[in-house]
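A.B. asks: So I've got this file, model-v4.txt, and it contains compact mmCIF, C-alpha atoms:
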```txt
# COMPACT_ATOMS: atom_id res chain seq x y z
CA MET C 501 192.87 -108.41 112.72
CA LYS C 502 190.27 -111.16 112.63
CA ILE C 503 190.81 -113.76 109.91
CA LYS C 504 187.55 -115.17 108.57
CA THR C 505 186.70 -118.32 106.60
CA PHE C 506 183.75 -120.51 105.63
CA ARG C 507 182.45 -123.02 108.14
CA ILE C 508 182.12 -126.38 106.33
CA GLY C 509 184.87 -128.54 104.79
CA GLY C 510 187.78 -127.22 102.76
CA ILE C 511 191.39 -128.22 102.11
CA HIS C 512 194.75 -126.52 101.64
CA PRO C 513 196.61 -127.84 98.59
CA GLU C 514 200.16 -126.74 97.82
CA GLU C 515 199.98 -123.17 96.52
CA ASN C 516 202.66 -123.21 93.79
CA LYS C 517 202.20 -119.47 93.11
CA LEU C 518 205.24 -119.42 90.83
CA THR C 519 204.30 -116.13 89.17
CA HIS C 520 203.19 -114.20 92.26
CA GLU C 521 205.74 -111.42 91.84
CA VAL C 522 206.05 -111.55 88.04
CA ALA C 523 204.76 -108.28 86.60
CA THR C 524 202.18 -108.52 83.85
CA LYS C 525 203.35 -108.28 80.25
CA VAL C 526 201.28 -107.55 77.15
CA ALA C 527 201.01 -110.76 75.12
CA PRO C 528 201.90 -110.50 71.43
CA LEU C 529 199.10 -110.36 68.89
CA PRO C 530 198.22 -113.69 67.26
CA LYS C 531 198.44 -114.16 63.50
CA GLN C 532 194.94 -115.57 63.55
CA ALA C 533 192.33 -115.14 66.30
CA ILE C 534 189.63 -117.70 67.11
CA PHE C 535 186.41 -116.58 68.82
CA PRO C 536 184.14 -119.41 70.04
CA LEU C 537 180.51 -118.26 70.19
CA SER C 538 179.98 -119.96 73.57
CA GLN C 539 182.22 -118.07 75.99
CA HIS C 540 179.57 -117.72 78.68
CA ILE C 541 176.79 -119.57 80.46
CA GLY C 542 173.62 -119.48 78.36
CA ALA C 543 172.83 -119.37 74.66
CA PRO C 544 175.74 -119.03 72.18
CA ALA C 545 176.19 -115.61 70.60
CA SER C 546 174.97 -115.11 67.00
CA PRO C 547 177.43 -113.85 64.34
CA VAL C 548 176.81 -110.36 62.95
CA VAL C 549 179.78 -110.48 60.51
CA GLN C 550 180.43 -112.50 57.38
CA LYS C 551 183.45 -113.94 55.63
CA GLY C 552 185.51 -111.13 54.13
CA ASP C 553 184.28 -108.40 56.49
CA LYS C 554 186.87 -105.98 57.86
CA VAL C 555 186.90 -105.52 61.63
CA LYS C 556 188.75 -103.37 64.14
CA VAL C 557 189.71 -103.97 67.75
CA GLY C 558 186.41 -103.54 69.60
CA THR C 559 184.09 -104.30 66.66
CA LYS C 560 181.09 -106.39 67.64
CA ILE C 561 181.27 -109.71 65.80
CA ALA C 562 178.47 -111.63 67.53
CA ASP C 563 175.36 -110.50 69.40
CA ALA C 564 173.67 -112.08 72.42
CA GLY C 565 171.66 -115.12 71.31
CA ALA C 566 169.07 -114.92 74.11
CA PHE C 567 168.42 -113.17 77.42
CA VAL C 568 171.03 -115.35 79.16
CA SER C 569 173.84 -114.69 76.70
CA ALA C 570 176.48 -112.05 75.91
CA PRO C 571 177.86 -110.36 72.79
CA ILE C 572 181.41 -111.00 71.58
CA TYR C 573 183.82 -108.37 70.28
CA SER C 574 186.90 -108.69 68.13
CA SER C 575 190.17 -108.25 70.00
CA VAL C 576 192.09 -107.76 66.76
CA SER C 577 191.83 -105.84 63.52
CA GLY C 578 191.79 -107.67 60.22
CA THR C 579 189.56 -109.74 57.97
CA VAL C 580 186.99 -112.37 58.87
CA PHE C 581 188.59 -115.52 57.42
CA LYS C 582 185.60 -117.80 57.99
CA ILE C 583 182.73 -118.69 60.30
CA ASP C 584 183.31 -122.33 61.08
CA THR C 585 183.95 -124.58 64.06
CA ALA C 586 186.99 -124.80 66.31
CA VAL C 587 188.02 -126.93 69.28
CA ASP C 588 187.34 -125.14 72.56
CA ALA C 589 188.11 -126.03 76.20
CA THR C 590 185.46 -128.79 76.17
CA GLY C 591 187.47 -130.73 73.59
CA TYR C 592 184.63 -130.54 71.06
CA ARG C 593 184.39 -128.50 67.90
CA LYS C 594 182.02 -125.58 68.45
CA PRO C 595 180.85 -122.68 66.24
CA ALA C 596 183.49 -119.95 66.04
CA ILE C 597 184.51 -116.84 64.12
CA ILE C 598 188.08 -116.90 62.81
CA ILE C 599 189.83 -113.62 61.95
CA ASN C 600 193.13 -113.08 60.14
CA VAL C 601 195.04 -110.35 61.98
CA GLU C 602 196.16 -107.27 60.04
CA GLY C 603 197.69 -104.42 62.05
CA ASP C 604 196.14 -103.18 65.30
CA GLU C 605 193.47 -100.59 64.48
CA TRP C 606 191.02 -99.82 67.32
CA GLU C 607 187.46 -98.51 67.24
CA GLU C 608 187.64 -94.75 67.87
CA SER C 609 184.89 -94.92 70.52
CA ILE C 610 187.26 -96.68 72.97
CA ASP C 611 189.07 -94.40 75.43
CA ARG C 612 192.67 -95.66 75.46
CA SER C 613 194.03 -93.03 77.85
CA ASP C 614 195.39 -93.85 81.31
CA LYS C 615 193.25 -91.19 82.98
CA LEU C 616 191.34 -92.62 85.96
CA GLU C 617 187.62 -91.91 85.63
CA THR C 618 185.65 -91.75 88.86
CA LEU C 619 181.96 -92.06 89.61
CA LYS C 620 181.97 -88.59 91.24
CA ALA C 621 182.98 -87.11 87.88
CA HIS C 622 180.08 -88.87 86.13
CA PRO C 623 176.85 -88.15 88.03
CA GLU C 624 174.91 -88.92 84.84
CA LEU C 625 175.56 -92.64 85.34
CA THR C 626 172.32 -94.06 86.68
CA PRO C 627 172.04 -97.71 87.80
CA GLU C 628 170.14 -98.44 84.58
CA GLU C 629 172.81 -96.81 82.40
CA ILE C 630 175.61 -98.75 84.16
CA ILE C 631 173.79 -102.05 83.65
CA SER C 632 173.08 -101.20 80.01
CA ARG C 633 176.76 -100.47 79.29
CA VAL C 634 177.88 -103.64 81.10
CA LYS C 635 175.41 -105.71 79.08
CA GLU C 636 176.33 -104.14 75.76
CA ALA C 637 180.08 -104.61 76.45
CA GLY C 638 179.65 -108.37 76.86
CA VAL C 639 180.99 -108.47 80.42
CA THR C 640 180.72 -111.89 82.05
CA GLY C 641 182.08 -113.46 85.23
CA MET C 642 185.87 -113.52 84.84
CA GLY C 643 186.54 -116.16 87.47
CA GLY C 644 185.71 -118.99 85.08
CA ALA C 645 181.94 -119.49 85.32
CA GLY C 646 181.16 -116.89 82.65
CA PHE C 647 177.71 -115.83 83.89
CA PRO C 648 176.53 -112.60 82.18
CA THR C 649 177.21 -109.81 84.68
CA PHE C 650 174.16 -107.69 83.90
CA ILE C 651 171.84 -110.50 85.04
CA LYS C 652 173.48 -110.61 88.48
CA LEU C 653 172.87 -106.88 88.77
CA THR C 654 169.13 -107.29 88.11
CA PRO C 655 168.02 -109.89 90.68
CA PRO C 656 164.47 -111.30 90.65
CA PRO C 657 161.76 -109.44 92.61
CA THR C 658 161.83 -112.16 95.27
CA ALA C 659 165.45 -111.29 96.20
CA LYS C 660 166.93 -108.03 97.48
CA ALA C 661 170.62 -107.21 97.27
CA GLU C 662 172.20 -105.78 100.41
CA CYS C 663 175.89 -105.81 99.46
CA VAL C 664 178.41 -106.51 96.70
CA ILE C 665 181.28 -108.89 97.49
CA ILE C 666 184.39 -108.78 95.31
CA ASN C 667 185.99 -112.20 95.01
CA ALA C 668 189.74 -111.49 95.18
CA VAL C 669 190.49 -114.81 96.89
CA GLU C 670 192.29 -116.67 94.08
CA CYS C 671 192.59 -119.85 96.19
CA GLU C 672 193.25 -122.16 93.23
CA PRO C 673 196.92 -123.29 93.14
CA TYR C 674 199.29 -121.74 90.55
CA ILE C 675 197.00 -118.86 89.40
CA THR C 676 198.13 -115.28 90.12
CA ALA C 677 196.30 -113.25 87.43
CA ASP C 678 193.87 -111.65 89.89
CA TYR C 679 196.66 -110.81 92.32
CA ARG C 680 198.67 -109.02 89.65
CA LEU C 681 195.54 -107.18 88.48
CA MET C 682 194.90 -105.92 92.03
CA MET C 683 198.50 -104.82 92.49
CA GLU C 684 198.70 -103.08 89.11
CA HIS C 685 195.17 -101.61 88.77
CA ALA C 686 193.82 -101.20 92.31
CA ASP C 687 192.24 -97.81 91.56
CA GLU C 688 190.28 -99.11 88.57
CA VAL C 689 189.12 -102.17 90.52
CA ILE C 690 187.78 -99.93 93.29
CA VAL C 691 185.89 -97.72 90.83
CA GLY C 692 184.54 -100.93 89.29
CA LEU C 693 183.28 -101.99 92.72
CA GLU C 694 181.67 -98.58 93.20
CA LEU C 695 179.91 -98.93 89.83
CA LEU C 696 178.68 -102.40 90.78
CA MET C 697 177.32 -101.10 94.09
CA LYS C 698 175.52 -98.22 92.39
CA ALA C 699 174.08 -100.56 89.75
CA ALA C 700 172.88 -102.97 92.45
CA LYS C 701 171.50 -100.06 94.52
CA VAL C 702 173.44 -101.02 97.65
CA THR C 703 175.78 -98.98 99.84
CA ARG C 704 177.88 -101.74 101.40
CA GLY C 705 180.74 -103.57 99.69
CA TYR C 706 183.39 -106.11 100.66
CA ILE C 707 186.63 -107.30 99.08
CA GLY C 708 187.62 -110.80 100.22
CA ILE C 709 191.37 -111.53 99.98
CA GLU C 710 193.27 -114.52 101.41
CA THR C 711 196.13 -113.83 103.83
CA ASN C 712 198.78 -115.17 101.43
CA LYS C 713 198.40 -111.81 99.64
CA PRO C 714 199.37 -109.34 102.41
CA ALA C 715 200.54 -106.68 99.93
CA ALA C 716 197.15 -106.73 98.19
CA ILE C 717 195.30 -106.54 101.53
CA ASP C 718 197.38 -103.51 102.57
CA LEU C 719 197.08 -101.78 99.19
CA LEU C 720 193.32 -102.27 98.79
CA THR C 721 192.68 -101.26 102.43
CA LYS C 722 194.61 -98.00 101.89
CA LYS C 723 192.96 -97.28 98.54
CA CYS C 724 189.44 -97.97 99.88
CA ALA C 725 190.03 -95.66 102.86
CA GLU C 726 191.00 -92.88 100.44
CA ALA C 727 188.26 -93.54 97.89
CA PHE C 728 185.34 -93.86 100.30
CA ALA C 729 186.42 -91.38 103.01
CA SER C 730 183.62 -88.90 102.20
CA SER C 731 181.26 -91.28 100.43
CA ASP C 732 177.83 -92.78 101.01
CA TYR C 733 179.40 -96.19 100.40
CA THR C 734 181.02 -98.37 103.07
CA VAL C 735 183.63 -100.82 101.80
CA GLU C 736 185.61 -103.29 103.90
CA VAL C 737 188.61 -105.37 102.86
CA VAL C 738 188.15 -108.76 104.55
CA PRO C 739 191.29 -110.88 105.22
CA LEU C 740 190.47 -114.56 104.78
CA LYS C 741 192.20 -117.72 105.95
CA GLN C 742 193.98 -119.69 103.23
CA ARG C 743 191.51 -122.41 102.42
CA TYR C 744 190.27 -123.97 99.22
CA PRO C 745 187.61 -123.55 97.72
CA GLN C 746 187.06 -120.17 99.37
CA GLY C 747 186.65 -118.61 95.93
CA GLY C 748 183.36 -120.48 95.48
CA GLU C 749 180.46 -118.03 95.68
CA LYS C 750 178.66 -119.80 98.50
CA GLN C 751 181.84 -120.31 100.52
CA LEU C 752 182.83 -116.65 100.06
CA VAL C 753 179.41 -115.39 101.18
CA ASP C 754 179.65 -117.58 104.29
CA ALA C 755 183.18 -116.37 105.05
CA VAL C 756 182.54 -112.65 104.51
CA ILE C 757 179.02 -112.02 105.85
CA ASN C 758 178.39 -115.26 107.76
CA ARG C 759 175.33 -116.26 105.75
CA GLN C 760 174.81 -119.66 104.14
CA VAL C 761 173.24 -119.88 100.70
CA PRO C 762 170.61 -122.68 100.55
CA ALA C 763 170.73 -125.52 98.03
CA PRO C 764 169.96 -124.83 94.35
CA PRO C 765 168.10 -123.08 92.86
CA ALA C 766 169.08 -120.56 95.60
CA ILE C 767 171.88 -118.12 94.66
CA PRO C 768 173.89 -115.63 96.76
CA VAL C 769 171.43 -112.76 96.19
CA ASN C 770 168.81 -114.84 98.01
CA VAL C 771 170.77 -114.05 101.19
CA GLY C 772 171.48 -110.47 100.13
CA ALA C 773 174.85 -110.77 98.36
CA ILE C 774 175.96 -110.14 94.78
CA VAL C 775 179.38 -111.73 94.19
CA GLN C 776 181.68 -110.52 91.40
CA ASN C 777 185.24 -111.53 90.57
CA VAL C 778 187.97 -108.89 90.86
CA GLY C 779 188.57 -109.23 87.10
CA THR C 780 184.88 -108.57 86.50
CA ALA C 781 185.08 -105.35 88.55
CA TYR C 782 187.96 -104.21 86.34
CA ALA C 783 186.04 -105.14 83.18
CA VAL C 784 183.02 -103.18 84.46
CA TYR C 785 185.22 -100.12 84.98
CA GLU C 786 186.57 -100.37 81.44
CA ALA C 787 183.13 -100.99 79.93
CA VAL C 788 181.38 -98.12 81.71
CA MET C 789 184.16 -95.54 82.00
CA LYS C 790 186.24 -96.26 78.90
CA SER C 791 183.59 -97.57 76.46
CA LYS C 792 185.79 -100.64 76.10
CA PRO C 793 184.07 -103.96 75.40
CA LEU C 794 185.42 -107.13 76.97
CA PHE C 795 188.02 -108.49 74.56
CA GLU C 796 191.17 -108.95 76.64
CA ARG C 797 191.98 -110.28 80.11
CA TYR C 798 194.71 -111.01 82.65
CA THR C 799 195.89 -114.62 82.34
CA THR C 800 198.58 -116.63 84.13
CA VAL C 801 200.73 -119.03 82.10
CA THR C 802 202.47 -121.35 84.52
CA GLY C 803 203.94 -124.73 85.39
CA LYS C 804 206.94 -126.04 87.33
CA ARG C 805 208.73 -127.17 84.17
CA LEU C 806 207.88 -124.10 82.11
CA GLN C 807 211.01 -122.08 81.34
CA ASN C 808 209.60 -118.57 81.95
CA PRO C 809 206.12 -118.66 83.56
CA GLY C 810 204.38 -115.30 83.73
CA ASN C 811 201.25 -113.17 83.79
CA PHE C 812 199.92 -111.63 80.59
CA LEU C 813 197.32 -109.20 79.31
CA VAL C 814 195.96 -111.36 76.52
CA ARG C 815 193.67 -110.57 73.61
CA MET C 816 190.86 -113.11 73.53
CA GLY C 817 191.07 -115.47 70.58
CA THR C 818 194.83 -115.92 71.04
CA PRO C 819 195.75 -119.62 70.75
CA MET C 820 197.30 -120.93 73.97
CA LYS C 821 200.27 -122.17 71.94
CA ASP C 822 201.28 -118.54 71.35
CA LEU C 823 201.41 -117.87 75.11
CA ILE C 824 203.30 -121.10 75.82
CA ASP C 825 205.86 -120.18 73.14
CA VAL C 826 206.43 -116.77 74.79
CA CYS C 827 207.17 -118.64 78.04
CA GLY C 828 209.84 -120.83 76.42
CA GLY C 829 207.70 -123.45 74.70
CA MET C 830 206.12 -126.67 75.87
CA PRO C 831 208.51 -128.56 78.20
CA GLU C 832 209.95 -131.84 76.95
CA GLY C 833 208.24 -135.10 77.82
CA ASP C 834 204.59 -135.82 78.51
CA ASN C 835 202.58 -132.91 79.88
CA LYS C 836 199.00 -132.16 80.82
CA LEU C 837 197.64 -128.84 79.58
CA LEU C 838 194.87 -127.19 81.63
CA ALA C 839 192.62 -124.21 81.03
CA GLY C 840 192.55 -123.04 84.65
CA GLY C 841 194.27 -124.48 87.69
CA PRO C 842 194.90 -128.09 88.77
CA MET C 843 191.79 -128.33 90.98
CA MET C 844 189.02 -127.06 88.70
CA GLY C 845 190.75 -126.53 85.36
CA LYS C 846 189.79 -128.42 82.22
CA ALA C 847 192.31 -130.72 80.53
CA LEU C 848 192.82 -129.67 76.91
CA THR C 849 193.34 -131.81 73.85
CA SER C 850 195.12 -129.12 71.83
CA THR C 851 197.36 -126.09 72.33
CA GLU C 852 195.35 -124.35 69.60
CA VAL C 853 192.45 -123.77 72.02
CA PRO C 854 191.97 -119.98 72.27
CA VAL C 855 191.95 -117.78 75.36
CA CYS C 856 188.33 -116.86 76.14
CA LYS C 857 186.52 -114.66 78.65
CA GLY C 858 186.87 -117.21 81.46
CA THR C 859 190.51 -118.22 80.85
CA ASN C 860 192.30 -117.09 84.00
CA SER C 861 195.21 -119.50 83.58
CA VAL C 862 197.04 -121.82 81.21
CA THR C 863 198.66 -124.44 83.44
CA ILE C 864 201.13 -127.11 82.35
CA ILE C 865 201.57 -130.08 84.66
CA SER C 866 204.15 -132.80 84.08
CA ASP C 867 203.10 -136.41 83.63
CA ASP C 868 204.58 -137.26 87.04
CA GLU C 869 202.38 -134.64 88.73
CA ALA C 870 199.26 -135.44 86.74
CA ARG C 871 199.33 -139.23 86.68
CA ARG C 872 196.71 -140.78 88.92
CA LYS C 873 197.37 -143.71 91.18
CA GLU C 874 195.43 -146.93 90.80
CA PRO C 875 192.01 -146.65 92.52
CA GLN C 876 191.50 -148.93 95.51
CA PRO C 877 188.30 -149.98 97.33
CA CYS C 878 186.73 -147.31 99.54
CA ILE C 879 187.94 -147.72 103.14
CA ARG C 880 185.04 -145.70 104.64
CA CYS C 881 187.39 -143.17 106.21
CA ALA C 882 184.97 -140.25 105.56
CA LYS C 883 187.81 -137.85 104.64
CA CYS C 884 185.80 -136.84 101.57
CA VAL C 885 182.83 -135.97 103.81
CA ASP C 886 185.03 -133.80 106.06
CA ALA C 887 186.51 -132.01 103.04
CA CYS C 888 183.25 -131.30 101.17
CA PRO C 889 182.47 -127.55 101.47
CA MET C 890 178.82 -128.21 100.61
CA GLY C 891 178.24 -130.71 103.43
CA LEU C 892 177.59 -133.60 101.01
CA GLU C 893 178.64 -137.26 101.14
CA PRO C 894 180.88 -137.59 98.07
CA TYR C 895 181.56 -141.34 98.47
CA LEU C 896 177.78 -141.96 98.34
CA LEU C 897 177.10 -139.59 95.44
CA ALA C 898 179.94 -141.18 93.44
CA LYS C 899 178.54 -144.67 94.05
CA LEU C 900 174.97 -143.64 93.21
CA SER C 901 176.27 -142.18 89.94
CA GLU C 902 178.25 -145.33 89.22
CA VAL C 903 175.15 -147.55 89.60
CA LYS C 904 172.90 -144.95 87.86
CA ASN C 905 170.54 -144.50 90.81
CA TRP C 906 169.49 -141.04 89.64
CA GLU C 907 166.43 -140.71 91.86
CA ARG C 908 168.42 -141.15 95.06
CA ALA C 909 171.30 -139.06 93.72
CA GLU C 910 168.86 -136.18 93.29
CA HIS C 911 167.45 -136.80 96.78
CA GLU C 912 171.01 -136.64 98.19
CA ASP C 913 171.49 -133.16 96.64
CA ILE C 914 174.00 -134.09 93.93
CA THR C 915 173.12 -130.80 92.16
CA SER C 916 174.63 -128.87 95.10
CA CYS C 917 178.11 -130.16 94.21
CA ILE C 918 180.34 -127.27 93.08
CA GLU C 919 182.86 -129.67 91.47
CA CYS C 920 185.79 -128.27 93.47
CA GLY C 921 187.59 -131.64 93.66
CA SER C 922 188.28 -131.46 97.41
CA CYS C 923 186.84 -134.98 97.87
CA GLN C 924 189.04 -136.56 95.22
CA PHE C 925 192.08 -134.65 96.51
CA THR C 926 191.71 -136.09 100.02
CA CYS C 927 190.77 -139.68 99.10
CA PRO C 928 193.51 -142.06 100.34
CA ALA C 929 192.10 -144.80 98.08
CA HIS C 930 192.57 -142.57 94.98
CA ARG C 931 188.97 -143.12 93.89
CA PRO C 932 187.64 -141.01 90.96
CA LEU C 933 184.96 -139.42 93.14
CA LEU C 934 184.58 -136.15 91.27
CA ASP C 935 184.61 -137.84 87.87
CA ASN C 936 181.63 -140.00 88.82
CA ILE C 937 179.80 -137.19 90.64
CA ARG C 938 180.23 -134.81 87.70
CA GLN C 939 178.68 -137.35 85.32
CA GLY C 940 175.86 -138.02 87.76
CA LYS C 941 175.21 -134.31 88.34
CA THR C 942 174.96 -133.66 84.60
CA THR C 943 172.48 -136.51 84.18
CA VAL C 944 170.32 -135.49 87.15
CA MET C 945 170.22 -131.85 86.02
CA GLY C 946 169.04 -133.04 82.60
CA ILE C 947 166.30 -135.11 84.24
CA ILE C 948 165.18 -132.09 86.29
CA ARG C 949 165.09 -129.85 83.19
CA ASN C 950 163.01 -132.37 81.24
CA ARG C 951 160.64 -132.74 84.17
CA ASN C 952 160.17 -128.98 84.42
CA VAL C 953 159.47 -128.69 80.68
CA LYS C 954 156.67 -131.25 80.93
CA LYS C 955 154.96 -129.39 83.77
```
Would you give me this structure, written as structure tokens?
C.D. replies:
Amino acid sequence: MKIKTFRIGGIHPEENKLTHEVATKVAPLPKQAIFPLSQHIGAPASPVVQKGDKVKVGTKIADAGAFVSAPIYSSVSGTVFKIDTAVDATGYRKPAIIINVEGDEWEESIDRSDKLETLKAHPELTPEEIISRVKEAGVTGMGGAGFPTFIKLTPPPTAKAECVIINAVECEPYITADYRLMMEHADEVIVGLELLMKAAKVTRGYIGIETNKPAAIDLLTKKCAEAFASSDYTVEVVPLKQRYPQGGEKQLVDAVINRQVPAPPAIPVNVGAIVQNVGTAYAVYEAVMKSKPLFERYTTVTGKRLQNPGNFLVRMGTPMKDLIDVCGGMPEGDNKLLAGGPMMGKALTSTEVPVCKGTNSVTIISDDEARRKEPQPCIRCAKCVDACPMGLEPYLLAKLSEVKNWERAEHEDITSCIECGSCQFTCPAHRPLLDNIRQGKTTVMGIIRNRNVKK
């Protein structure tokens, strides 16, 4: 069995998969659910409910605010308490809909049965119908980026899709939500992949899984052989070497089909690939086959000092405090709370931040683990250059950002940075490379946008 990987850079941080074999539990309903209107890349959703309105589980509460946007559905039944602002993962107060929870009444249109629906049983599902249902259900990328899924399935005329790649890598330390989803709902994930392939009008699919998940590789290989034995589709489970950030779209495309995606604005479909997270494939299955909008997701709650870390099926809008309490409460002492994992997760200012579409993990790191060492002068060792999966020079980009040399930073491709943190992780001088690059990248992208508007 050949083990593949991407060709440039990469690191292998300590895995800390504490919840790898912890079966998923259904998280308790919150007393009050908070729904930020920006849970995706693009324009915020626009409320379609008012204070005092009654809603059910699966009721649309906000519609897409633009083409690049996605609707939001209530994950609870109850009464709209207010439309206000709430602190989200950015640390800022953003527009949100807040609902007081009363019971658990679902919209009747949602199929809550366990019956597996297959594409063979639904020949009426055209590519256009699949995309329409995915769009209406508010499905977005579940790996964290939150890009509306229907847009990926309708590439521009200049690009032609040749395959769909399911990102089941989960290379970020601590997180096991995708692994548990694969182990517990493999059949639904495979039907989701089949729906994605039909929507994209391709016949070839891949599922990329790292070799630290041998049970998932074996299970998905067996299930795919059964599902596609007499099918027009060809699907291959691709074992991948353990290497971070292999879950990045461009790195995954390189590893699986040996094609490199050019610098922005190029995207994977420019080299023939549509990449979707394993959680997205499951959400597509539920949206298309079960008429179930996206309002809950698999989430890992973890940390070395957490009493009972676990994996949960969580209703969106649930405050993270509720999940932490189920796991034994916040550990004593100083802790750092992350939405996501330790490499790319966002540090949070409050435990009241709600679980959203892109929340794959709630990670608690002790002060000892999180505390940074004092930065020292750069020793020109080039370890950051070796580690960068995009072939950039992080030490240079960080310095250009520090001295605000935006023109050269753009020339040196700062916008190609995927913010994986590999450079900062490897730096023996403990320099805040990613912090500076992230600020510089944001500024340069703003300059580029303004320049394009003036044209």
A.B. asks: Using all atoms listed in the file, collect all residues at a distance of at most 12 Å from (180.5, -135.3, 87.4) as written in the file, then present them as number ranges by chain.
C.D. replies: C: 844, 894, 897-902, 909, 914-921, 924, 932-945
A.B. asks: What separation in Å, quoted to one decimal, exists between atom CA of His685 of chain C and atom CA of Gln751 of chain C?
C.D. replies: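 Computing it gives 25.8 Å between the two atoms.
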A.B. asks: So, counting all atoms listed in the file, which residue among C:Thr524, C:Asn952, C:Thr505, C:Asn777 is closest to Leu813 of chain C?
C.D. replies: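 Among the listed residues, the smallest separation from Leu813 of chain C belongs to C:Thr524.
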A.B. asks: What does the structure give for the distance between atom CA of Glu749 of chain C and atom CA of Val775 of chain C, in Å to one decimal?
C.D. replies: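 These two atoms are separated by 6.6 Å.
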A.B. asks: If we count all atoms listed in the file and set the cut-off at 10 Å, which residues sit around Val735 of chain C, ignoring sequence neighbours fewer than 5 positions away in its own chain? Please answer as a list of chain:residue names.
C.D. replies: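 Near Val735 of chain C, the qualifying residues are C:Cys663, C:Val664, C:Ile665, C:Ile690, C:Leu693, C:Glu694, C:Met697, C:Thr703, C:Arg704, C:Gly705, C:Tyr706, C:Ile707, C:Thr721, C:Cys724, C:Ala725, C:Ala727, C:Phe728, C:Ala729.
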A.B. asks: Give me, as a Markdown table, each residue of segment 731-819 of chain C that comes within 8 Å of segment 608-622 of chain C, together with its shortest interatomic pair and the distance in Å at one decimal, counting all atoms listed in the file, with rows ordered by chain and rising residue number.
C.D. replies:
```
| residue | atom | partner | partner_atom | distance |
| --- | --- | --- | --- | --- |
| C:Met789 | CA | C:Glu617 | CA | 6.2 |
| C:Lys790 | CA | C:Asp611 | CA | 4.8 |
| C:Ser791 | CA | C:Ile610 | CA | 5.1 |
| C:Lys792 | CA | C:Ile610 | CA | 5.3 |
```
A.B. asks: Mind checking which residues fall within 9 Å of Tyr895 of chain C, counting only C-alpha atoms, ignoring those fewer than 4 positions away in the same chain, and posting them as a PyMOL selection string?
C.D. replies: chain C and resi 878+880+882+884-885+899-900+923+931+933
A.B. asks: Residues within 7 Å of Val853 of chain C, please, as an NGL selection string. Count only C-alpha atoms; anything in the same chain fewer than 5 positions from it doesn't count.
C.D. replies: :C and (587-589 or 819-820)
A.B. asks: Please determine, counting all atoms listed in the file, which residue among C:Gly829, C:Gly638, C:Gly772, C:Gly603 has the shortest atom-to-atom distance to Val555 of chain C.
C.D. replies: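 Under the stated criterion, the closest residue is C:Gly603.
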A.B. asks: For atom CA of Pro877 of chain C and atom CA of Glu672 of chain C, determine how far apart the two atoms are, in Å to one decimal place.
C.D. replies: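 Result for atom CA of Pro877 of chain C versus atom CA of Glu672 of chain C: 28.6 Å, one decimal.
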A.B. asks: Could you please give me, as a PyMOL selection string, the residues of protein, DNA or RNA lying at most 12 Å from (191.4, -113.0, 69.3) in the coordinate frame of the file, considering all atoms listed in the file?
C.D. replies: chain C and resi 527-536+555-559+561+572-580+596-602+604+794-797+814-820+822+853-857
A.B. asks: Give me, as a PyMOL selection string, all polymer residues having an atom no more than 7 Å from Pro673 of chain C, counting all atoms listed in the file and skipping those fewer than 3 positions away in the same chain.
C.D. replies: chain C and resi 514-517+841-842
A.B. asks: For each of C:Val689, C:Ile508, C:Val639, C:Ala766, take the minimum atom-to-atom distance to Tyr785 of chain C, counting all atoms listed in the file, then give the residue where this is smallest.
C.D. replies: C:Val689
A.B. asks: Which residue gives the smallest distance to Ile651 of chain C among C:Gln776, C:Asn905, C:Gln760, C:Thr863, with all atoms listed in the file counted?
C.D. replies: C:Gln776
A.B. asks: Between C:Ile666, C:Val756, C:Ala564, C:Ala781, which residue has the minimum interatomic distance to Leu537 of chain C, considering only C-alpha atoms?
C.D. replies: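 Closest residue, counting only C-alpha atoms: C:Ala564.
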A.B. asks: Per residue of segment 707-826 of chain C within 10 Å of segment 865-876 of chain C, record the nearest atom pair and its distance in Å to one decimal, counting only C-alpha atoms, with rows in chain order and ascending residue number, as JSON lines.
C.D. replies:
```
{"residue": "C:Thr802", "atom": "CA", "partner": "C:Ile865", "partner_atom": "CA", "distance": 8.8}
{"residue": "C:Gly803", "atom": "CA", "partner": "C:Ile865", "partner_atom": "CA", "distance": 5.9}
{"residue": "C:Lys804", "atom": "CA", "partner": "C:Ile865", "partner_atom": "CA", "distance": 7.2}
{"residue": "C:Arg805", "atom": "CA", "partner": "C:Ser866", "partner_atom": "CA", "distance": 7.3}
{"residue": "C:Leu806", "atom": "CA", "partner": "C:Ile865", "partner_atom": "CA", "distance": 9.1}
```
A.B. asks: Could you save the residues just selected, with C-alpha atoms, as a PDB file, in the frame of the given file?
C.D. replies:
```pdb
ATOM      1  CA  THR C 802     202.470-121.350  84.520  1.00  0.00           C
ATOM      2  CA  GLY C 803     203.940-124.730  85.390  1.00  0.00           C
ATOM      3  CA  LYS C 804     206.940-126.040  87.330  1.00  0.00           C
ATOM      4  CA  ARG C 805     208.730-127.170  84.170  1.00  0.00           C
ATOM      5  CA  LEU C 806     207.880-124.100  82.110  1.00  0.00           C
TER       6      LEU C 806
END
```
A.B. asks: Which one is closest to Gly833 of chain C: C:Ile864, C:Ile631, C:Met683, C:Ala755? Count only C-alpha atoms.
C.D. replies: C:Ile864
A.B. asks: Need the shell around Thr585 of chain C: protein/DNA/RNA residues with any atom at most 6 Å away, counting only C-alpha atoms. Skip same-chain ones fewer than 4 positions apart. Format as a PDB file with C-alpha atoms, in the frame of the given file?
C.D. replies:
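Written file, selection-v1.pdb:
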```
ATOM      1  CA  ARG C 593     184.390-128.500  67.900  1.00  0.00           C
ATOM      2  CA  LYS C 594     182.020-125.580  68.450  1.00  0.00           C
ATOM      3  CA  PRO C 595     180.850-122.680  66.240  1.00  0.00           C
ATOM      4  CA  ALA C 596     183.490-119.950  66.040  1.00  0.00           C
TER       5      ALA C 596
END
```
